[in-house]
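Below is one structure, written out as structure tokens; the observations come after it.
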Amino acid sequence: MRLLRSESIKLLSVRTTWLMLGIGLLVEALFAGLYVGLVSLDDVGPVREVQTSVGLLMVMLLVLGVLSITTEFRHGTASTTFLASPKRYPVLVAKLGAMLAIGLLTGLAFVAVNGGLALPLFSSRGESLPPAGEIVRVYAGVVASFALLCAFGLGVGAIVRNQVGAIIAAIAFFFVLSPLPELLPGDIGDYFPAQAIGSLHGLPDATEEGLGQVAGGVVLAAWSLALWLIGTVLIGHRDLNE
Amino acid sequence: MPQLEVRNLTKRYGKTVAVDDLSFSVEAGQVTGFLGPNGAGKTTTMRALLGLIRPTSGEAMVEGRPPAEMAEPLRTVGAALEATAFHPGRSGRNHLRVLAASAGIPASRIEEVLEMVELSGSASRRVGGYSLGMRQRLALAAALLGEPRILILDEPANGLDPQGMRWLRDLLRGQAAAGRTVLVSSHLLSEVAQTADELIVIRNGKLIAKASLDEFTSGEASQLRVRCSDPARLAEALPGRGASVARDGDAALLVSGSGSGGEAIGELALELGIAIHELTPLRSNLEERFLELTGEEAVG
């Protein structure tokens with residue numbers, strides 16, 4: 001619990017965190033507003049509406065997850081951190097907790113902005129809103145995906161350690177490489193992060209051909225957890241000269 | 001029981017041997033100076049004592065146990081390793097808050113240590129704008145945060161002004177007087193000489209000497225610079241008393257060896273009717289010994 005508090009202070013006491021999330025949410029509001037102004041919900045459905053404004057925050061949260069560990073090595077605070085807790089894995093557990101929490105909170109902020117903007121606008125135009133159950137399902141997928149993206153970034157950062165290298169590796173793998181297996185015959189692509197997060201978000205082309213929403217979430221969680229585990233074992237055995 | 005102990009500690013990085021079968025122990029209630037030229041293995045040894053690196057072989061122990069088994073790490077050992085190891089975007093106070101939170105240390109203690117290192121006024125500023133001296137003091141504040149029984153400080157005097165150095169000396173003396181254990185490294189002998197009770201000297205990862213400061217020094221300078229009214233005649237006469245003489249420019253002499261004490265030179269000059277203008281001790285025995293032991297020509 002103490003370590004979790006410590007990790008939360010770390011995260012919230014630097015401007016980077018606030019800037020990244022602030023910009024992400026601002027751009028979200030802009031896109032959501034624009035989109036709502038241009039289309040009718042009846043044509044696109046709630047999933048598409050949410051998808052238009054979710055992209056930048058996804059990248060931001062992935063990078064935030066990477067930074068949560070790589071800055072410690074870049075600036076040499078890792079030594080201080082592991083002096084306060086010479087057993088290393090509890091620190092990584094605390095970091096995972098902090099990242100899941102900030103992902104969830106950002107997800108809730110996303111829902112507040114998106115819901116606060118889009119739903120009143122649609123209903124003021126007299127469009128019928130989708131059933132509450134569906135709205136909740138779509139938003140829940142986004143919130144869960146945000147938390148898992150943070151964890152995914154943390155895992156990659158713990159493995160790679162070099163800040164620039166880890167950011168490039170995380171973005172390239174998640175957004176560039178992992179959609180590729182979808183082109184292969186068979187279902188193998190469904191089990192890579194890009195398609196799994198599509199399923200979790202409830203994208204029709206991901207859910208109809210691929211996994212369901214829950215299964216998509218489980219697959220993404222498995223990736224994040226596996227990367228975090230590898231990273232935790234590696235850091236547990238490494239010499240800290242930073 | 002020694003507070004800190006390394007037993008046959010060896011650390012290799014590939015083919016490089018950073019620490020080579022090193023053994024020593026550090027006792028409470030005194031300041032122990034950890035000396036050696038740059039690259040001697042001081043930092044590696046300290047990191048092993050803190051559990052940050054794994055020894056290739058041998059052991060590093062804190063209060064008789066491996067560092068990973070410390071029950072309350074920050075209350076057992078406080079360490080200042082590198083003055084640059086801060087997130088530049090975080091304020092000094094928040095750096096300490098992160099640490100305090102991980103050990104359940106109350107916020108009032110943060111203000112206390114900030115006061116001690118005279119950083120209270122700058123604590124809300126981001127560390128990126130701190131001078132080296134300020135970072136050094138913030139690192140010390142972090143080390144002192146948990147009121148630890150043991151302090152491990154790696155080159156804490158780097159970047160401190162003369163006033164800061166004196167403050168640091170007083171702090172370390174005070175900690176030792178309160179029964180705590182202080183291990184402080186330096187590549188500059190002069191920094192440690194005024195503070196340490198005990199000296200550990202290493203070179204190339206090997207122990208070269210471990211002795212009390214008194215054993216290290218007899219207090220007498222081993223080389224003096226002499227300016228006088230007739231340097232040529234004094235230079236001729238001095239070797240007869242067992243001293244060796246070298247010219248230092250036109251007007252000055254460098255005198256060393258036996259019979260080179262200030263008293264001996266002064267009396268000889270009086271006999272010869274030469275007026276002494278300057279008599280400056282250049283190198284203490286301690287420094288000589290250190291240079292000899294470490295094989296470093298120029299230190300610092």
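By order in the structure tokens, chains are A, B, ...; within a chain, residues start at 1; ligands start at 1, following the order shown.
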Env of segment 92-107 of chain A: 9 Å cut, atoms = only C-alpha atoms, seq-sep filter 4 positions within chain, self excluded. Answer as a JSON list (two decimals) with N, CA and C atoms, in the first residue's frame.
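Dumped everything to selection11.json:
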```
[["chain", "number", "residue", "atom", "x", "y", "z"],
["A", 1, "MET", "N", 0.82, -1.21, 0.00],
["A", 1, "MET", "CA", 0.00, 0.00, 0.00],
["A", 1, "MET", "C", 0.86, 1.26, 0.00],
["A", 2, "ARG", "N", 1.95, 1.23, 0.82],
["A", 2, "ARG", "CA", 2.86, 2.37, 0.87],
["A", 2, "ARG", "C", 3.52, 2.58, -0.48],
["A", 3, "LEU", "N", 3.92, 1.46, -1.09],
["A", 3, "LEU", "CA", 4.59, 1.57, -2.38],
["A", 3, "LEU", "C", 3.63, 2.10, -3.44],
["A", 4, "LEU", "N", 2.39, 1.72, -3.35],
["A", 4, "LEU", "CA", 1.38, 2.20, -4.30],
["A", 4, "LEU", "C", 1.23, 3.71, -4.17],
["A", 5, "ARG", "N", 1.21, 4.18, -2.92],
["A", 5, "ARG", "CA", 1.13, 5.62, -2.68],
["A", 5, "ARG", "C", 2.33, 6.32, -3.27],
["A", 6, "SER", "N", 3.50, 5.70, -3.02],
["A", 6, "SER", "CA", 4.75, 6.27, -3.53],
["A", 6, "SER", "C", 4.71, 6.37, -5.06],
["A", 7, "GLU", "N", 4.24, 5.30, -5.70],
["A", 7, "GLU", "CA", 4.17, 5.30, -7.16],
["A", 7, "GLU", "C", 3.17, 6.32, -7.68],
["A", 8, "SER", "N", 2.08, 6.50, -6.96],
["A", 8, "SER", "CA", 1.08, 7.48, -7.38],
["A", 8, "SER", "C", 1.65, 8.89, -7.31],
["A", 11, "LEU", "N", 3.88, 9.52, -10.22],
["A", 11, "LEU", "CA", 3.15, 9.72, -11.46],
["A", 11, "LEU", "C", 2.55, 11.12, -11.52],
["A", 21, "LEU", "N", -2.20, 13.52, -20.59],
["A", 21, "LEU", "CA", -3.61, 13.18, -20.43],
["A", 21, "LEU", "C", -4.50, 14.37, -20.79],
["A", 25, "LEU", "N", -7.29, 14.28, -23.70],
["A", 25, "LEU", "CA", -8.72, 14.52, -23.45],
["A", 25, "LEU", "C", -9.24, 15.70, -24.26],
["A", 57, "LEU", "N", -5.55, 9.16, -27.16],
["A", 57, "LEU", "CA", -5.44, 8.74, -25.76],
["A", 57, "LEU", "C", -4.84, 7.35, -25.65],
["A", 61, "LEU", "N", -1.59, 6.75, -23.36],
["A", 61, "LEU", "CA", -1.59, 5.85, -22.20],
["A", 61, "LEU", "C", -0.54, 4.76, -22.35],
["A", 64, "LEU", "N", 2.61, 6.51, -21.54],
["A", 64, "LEU", "CA", 2.65, 6.79, -20.10],
["A", 64, "LEU", "C", 3.09, 5.55, -19.33],
["A", 65, "GLY", "N", 2.57, 4.40, -19.75],
["A", 65, "GLY", "CA", 2.97, 3.15, -19.13],
["A", 65, "GLY", "C", 4.46, 2.87, -19.29],
["A", 68, "SER", "N", 6.52, 5.22, -17.07],
["A", 68, "SER", "CA", 6.43, 5.00, -15.63],
["A", 68, "SER", "C", 7.63, 4.20, -15.12],
["A", 69, "ILE", "N", 8.27, 3.44, -15.98],
["A", 69, "ILE", "CA", 9.45, 2.71, -15.52],
["A", 69, "ILE", "C", 10.73, 3.20, -16.19],
["A", 88, "ARG", "N", 12.54, -6.27, -5.14],
["A", 88, "ARG", "CA", 12.15, -5.46, -6.30],
["A", 88, "ARG", "C", 10.74, -5.73, -6.80],
["A", 111, "VAL", "N", -15.06, 8.89, -20.67],
["A", 111, "VAL", "CA", -16.51, 8.65, -20.71],
["A", 111, "VAL", "C", -17.27, 9.94, -20.38],
["A", 112, "ALA", "N", -16.77, 10.66, -19.37],
["A", 112, "ALA", "CA", -17.44, 11.89, -18.95],
["A", 112, "ALA", "C", -17.45, 12.90, -20.10],
["A", 139, "TYR", "N", -18.72, 1.89, -23.41],
["A", 139, "TYR", "CA", -17.85, 2.69, -22.54],
["A", 139, "TYR", "C", -16.99, 1.80, -21.64],
["A", 140, "ALA", "N", -17.56, 0.72, -21.14],
["A", 140, "ALA", "CA", -16.80, -0.19, -20.27],
["A", 140, "ALA", "C", -15.61, -0.77, -21.02],
["A", 142, "VAL", "N", -13.92, 0.69, -23.39],
["A", 142, "VAL", "CA", -12.89, 1.73, -23.50],
["A", 142, "VAL", "C", -12.14, 1.86, -22.18],
["A", 143, "VAL", "N", -12.87, 1.92, -21.07],
["A", 143, "VAL", "CA", -12.24, 2.08, -19.75],
["A", 143, "VAL", "C", -11.27, 0.92, -19.49],
["A", 144, "ALA", "N", -11.71, -0.30, -19.75],
["A", 144, "ALA", "CA", -10.85, -1.46, -19.52],
["A", 144, "ALA", "C", -9.63, -1.41, -20.43],
["A", 145, "SER", "N", -9.83, -1.00, -21.68],
["A", 145, "SER", "CA", -8.70, -1.00, -22.62],
["A", 145, "SER", "C", -7.66, 0.03, -22.20],
["A", 146, "PHE", "N", -8.10, 1.15, -21.63],
["A", 146, "PHE", "CA", -7.15, 2.17, -21.18],
["A", 146, "PHE", "C", -6.25, 1.62, -20.07],
["A", 147, "ALA", "N", -6.86, 0.95, -19.12],
["A", 147, "ALA", "CA", -6.08, 0.38, -18.02],
["A", 147, "ALA", "C", -5.08, -0.64, -18.55],
["A", 148, "LEU", "N", -5.54, -1.48, -19.49],
["A", 148, "LEU", "CA", -4.66, -2.53, -20.01],
["A", 148, "LEU", "C", -3.54, -1.95, -20.88],
["A", 149, "LEU", "N", -3.81, -0.84, -21.57],
["A", 149, "LEU", "CA", -2.76, -0.19, -22.36],
["A", 149, "LEU", "C", -1.63, 0.31, -21.48],
["A", 150, "CYS", "N", -1.99, 0.91, -20.33],
["A", 150, "CYS", "CA", -0.99, 1.38, -19.38],
["A", 150, "CYS", "C", -0.12, 0.21, -18.91],
["A", 151, "ALA", "N", -0.77, -0.90, -18.59],
["A", 151, "ALA", "CA", -0.04, -2.07, -18.12],
["A", 151, "ALA", "C", 0.86, -2.63, -19.21],
["A", 154, "LEU", "N", 3.92, -0.47, -19.43],
["A", 154, "LEU", "CA", 4.80, -0.76, -18.29],
["A", 154, "LEU", "C", 5.62, -2.02, -18.56],
["A", 155, "GLY", "N", 4.95, -3.06, -19.08],
["A", 155, "GLY", "CA", 5.65, -4.31, -19.38],
["A", 155, "GLY", "C", 6.77, -4.12, -20.39],
["A", 158, "ALA", "N", 9.64, -2.15, -18.85],
["A", 158, "ALA", "CA", 10.43, -2.93, -17.90],
["A", 158, "ALA", "C", 11.39, -3.88, -18.63],
["A", 228, "TRP", "N", 4.50, -7.80, -18.43],
["A", 228, "TRP", "CA", 4.83, -7.30, -17.09],
["A", 228, "TRP", "C", 5.62, -8.34, -16.30],
["A", 231, "GLY", "N", 9.15, -8.53, -17.66],
["A", 231, "GLY", "CA", 9.87, -7.33, -17.22],
["A", 231, "GLY", "C", 10.23, -7.39, -15.75],
["A", 232, "THR", "N", 9.30, -7.88, -14.93],
["A", 232, "THR", "CA", 9.54, -7.97, -13.49],
["A", 232, "THR", "C", 10.67, -8.94, -13.16],
["A", 235, "ILE", "N", 14.03, -7.27, -14.27],
["A", 235, "ILE", "CA", 14.49, -6.22, -13.36],
["A", 235, "ILE", "C", 14.93, -6.81, -12.03]]
```
Practice problem: Within segment 9-197 of chain B, find each residue whose DSSP state, derived from the backbone, is strand (DSSP E), and express the selection as a PyMOL selection string. | Solution: chain B and resi 9-13+16-26+31-35+57-62+77-80+150-154+181-186
Counting only C-alpha atoms, which residues of chain A sit at most 12 Å from some atom of chain B, and what is each one's closest atom pair with its distance in Å to one decimal, listed by chain and rising residue number, as a tab-separated table?
```
residue	atom	partner	partner_atom	distance
A:Met1	CA	B:Ser102	CA	8.4
A:Arg2	CA	B:Ser102	CA	4.8
A:Leu3	CA	B:Ser102	CA	4.7
A:Leu4	CA	B:Ser102	CA	7.9
A:Arg5	CA	B:Ala101	CA	6.2
A:Ser6	CA	B:Val98	CA	4.7
A:Glu7	CA	B:Val98	CA	7.1
A:Ser8	CA	B:Val98	CA	8.4
A:Ile9	CA	B:Val98	CA	5.8
A:Lys10	CA	B:Val98	CA	6.1
A:Leu11	CA	B:Val98	CA	9.7
A:Leu12	CA	B:Arg90	CA	9.5
A:Ser13	CA	B:Arg90	CA	6.0
A:Val14	CA	B:Arg90	CA	5.4
A:Arg15	CA	B:Gly89	CA	6.9
A:Thr16	CA	B:Gly89	CA	8.2
A:Thr17	CA	B:Gly89	CA	10.7
A:Leu67	CA	B:His87	CA	11.7
A:Ser68	CA	B:His87	CA	11.6
A:Ile69	CA	B:His87	CA	11.9
A:Thr70	CA	B:His87	CA	11.2
A:Thr71	CA	B:His87	CA	7.5
A:Glu72	CA	B:His87	CA	7.8
A:Phe73	CA	B:Ala85	CA	9.2
A:Arg74	CA	B:His87	CA	8.6
A:His75	CA	B:Ala85	CA	5.5
A:Gly76	CA	B:Ala85	CA	4.4
A:Thr77	CA	B:Ala85	CA	5.4
A:Ala78	CA	B:Ala85	CA	8.5
A:Ser79	CA	B:Leu52	CA	6.8
A:Thr80	CA	B:Leu99	CA	7.9
A:Thr81	CA	B:Leu99	CA	7.4
A:Phe82	CA	B:Leu52	CA	7.2
A:Leu83	CA	B:Leu50	CA	6.7
A:Ala84	CA	B:Leu74	CA	5.6
A:Ser85	CA	B:Pro73	CA	6.7
A:Pro86	CA	B:Ala68	CA	5.0
A:Lys87	CA	B:Ala68	CA	5.8
A:Arg88	CA	B:Ala68	CA	9.0
A:Tyr89	CA	B:Ala68	CA	11.7
A:Pro90	CA	B:Ser102	CA	10.9
A:Val91	CA	B:Ser102	CA	9.5
A:Ala94	CA	B:Ser102	CA	10.3
A:Ile235	CA	B:Leu52	CA	10.8
A:Gly236	CA	B:Leu52	CA	10.0
A:His237	CA	B:Arg54	CA	8.3
A:Arg238	CA	B:Ile53	CA	7.3
A:Asp239	CA	B:Ile53	CA	4.3
A:Leu240	CA	B:Leu52	CA	5.2
A:Asn241	CA	B:Ile53	CA	7.3
A:Glu242	CA	B:Ala85	CA	8.0
```
Exercise. Quick one: pick out all alpha helix (DSSP H) residues within segment 35-153 of chain B from a backbone DSSP run and write them as a PyMOL selection string.
Key: chain B and resi 42-49+73-76+92-103+107-116+132-144
Quiz item: Which one of A:Phe122, A:Val66, A:Met58, A:Leu234 sits closest to Leu38 of chain A if you count only C-alpha atoms?
Solution: A:Phe122
Exercise. Work out how far apart atom CA of Val63 of chain A and atom CA of Ile23 of chain A are and give it in Å to one decimal.
Key: 13.5 Å
Self-check item: Who sits within 12 Å of Gly55 of chain A, only C-alpha atoms, same chain under 2 positions skipped, as a VMD selection string
Solution: chain A and resid 24 to 25 27 to 28 31 to 32 48 to 53 57 to 62 110 142 145 to 146 149 175 197 to 198 201
Self-check item: Interatomic distance (Å, one decimal) between atom CA of Glu182 of chain A and atom CA of Asn162 of chain A
Solution: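 Computed distance, atom CA of Glu182 of chain A to atom CA of Asn162 of chain A, equals 29.4 Å.
Residues with any atom within 12 Å of Ser128 of chain A, counting only C-alpha atoms and excluding same-chain neighbours fewer than 4 positions away, are Ser40, Leu41, Asp42, Asp43, Gly45, Pro46, Leu119, Pro120, Leu121, Phe122, Ser123, Ser124 and Ala132 of chain A.
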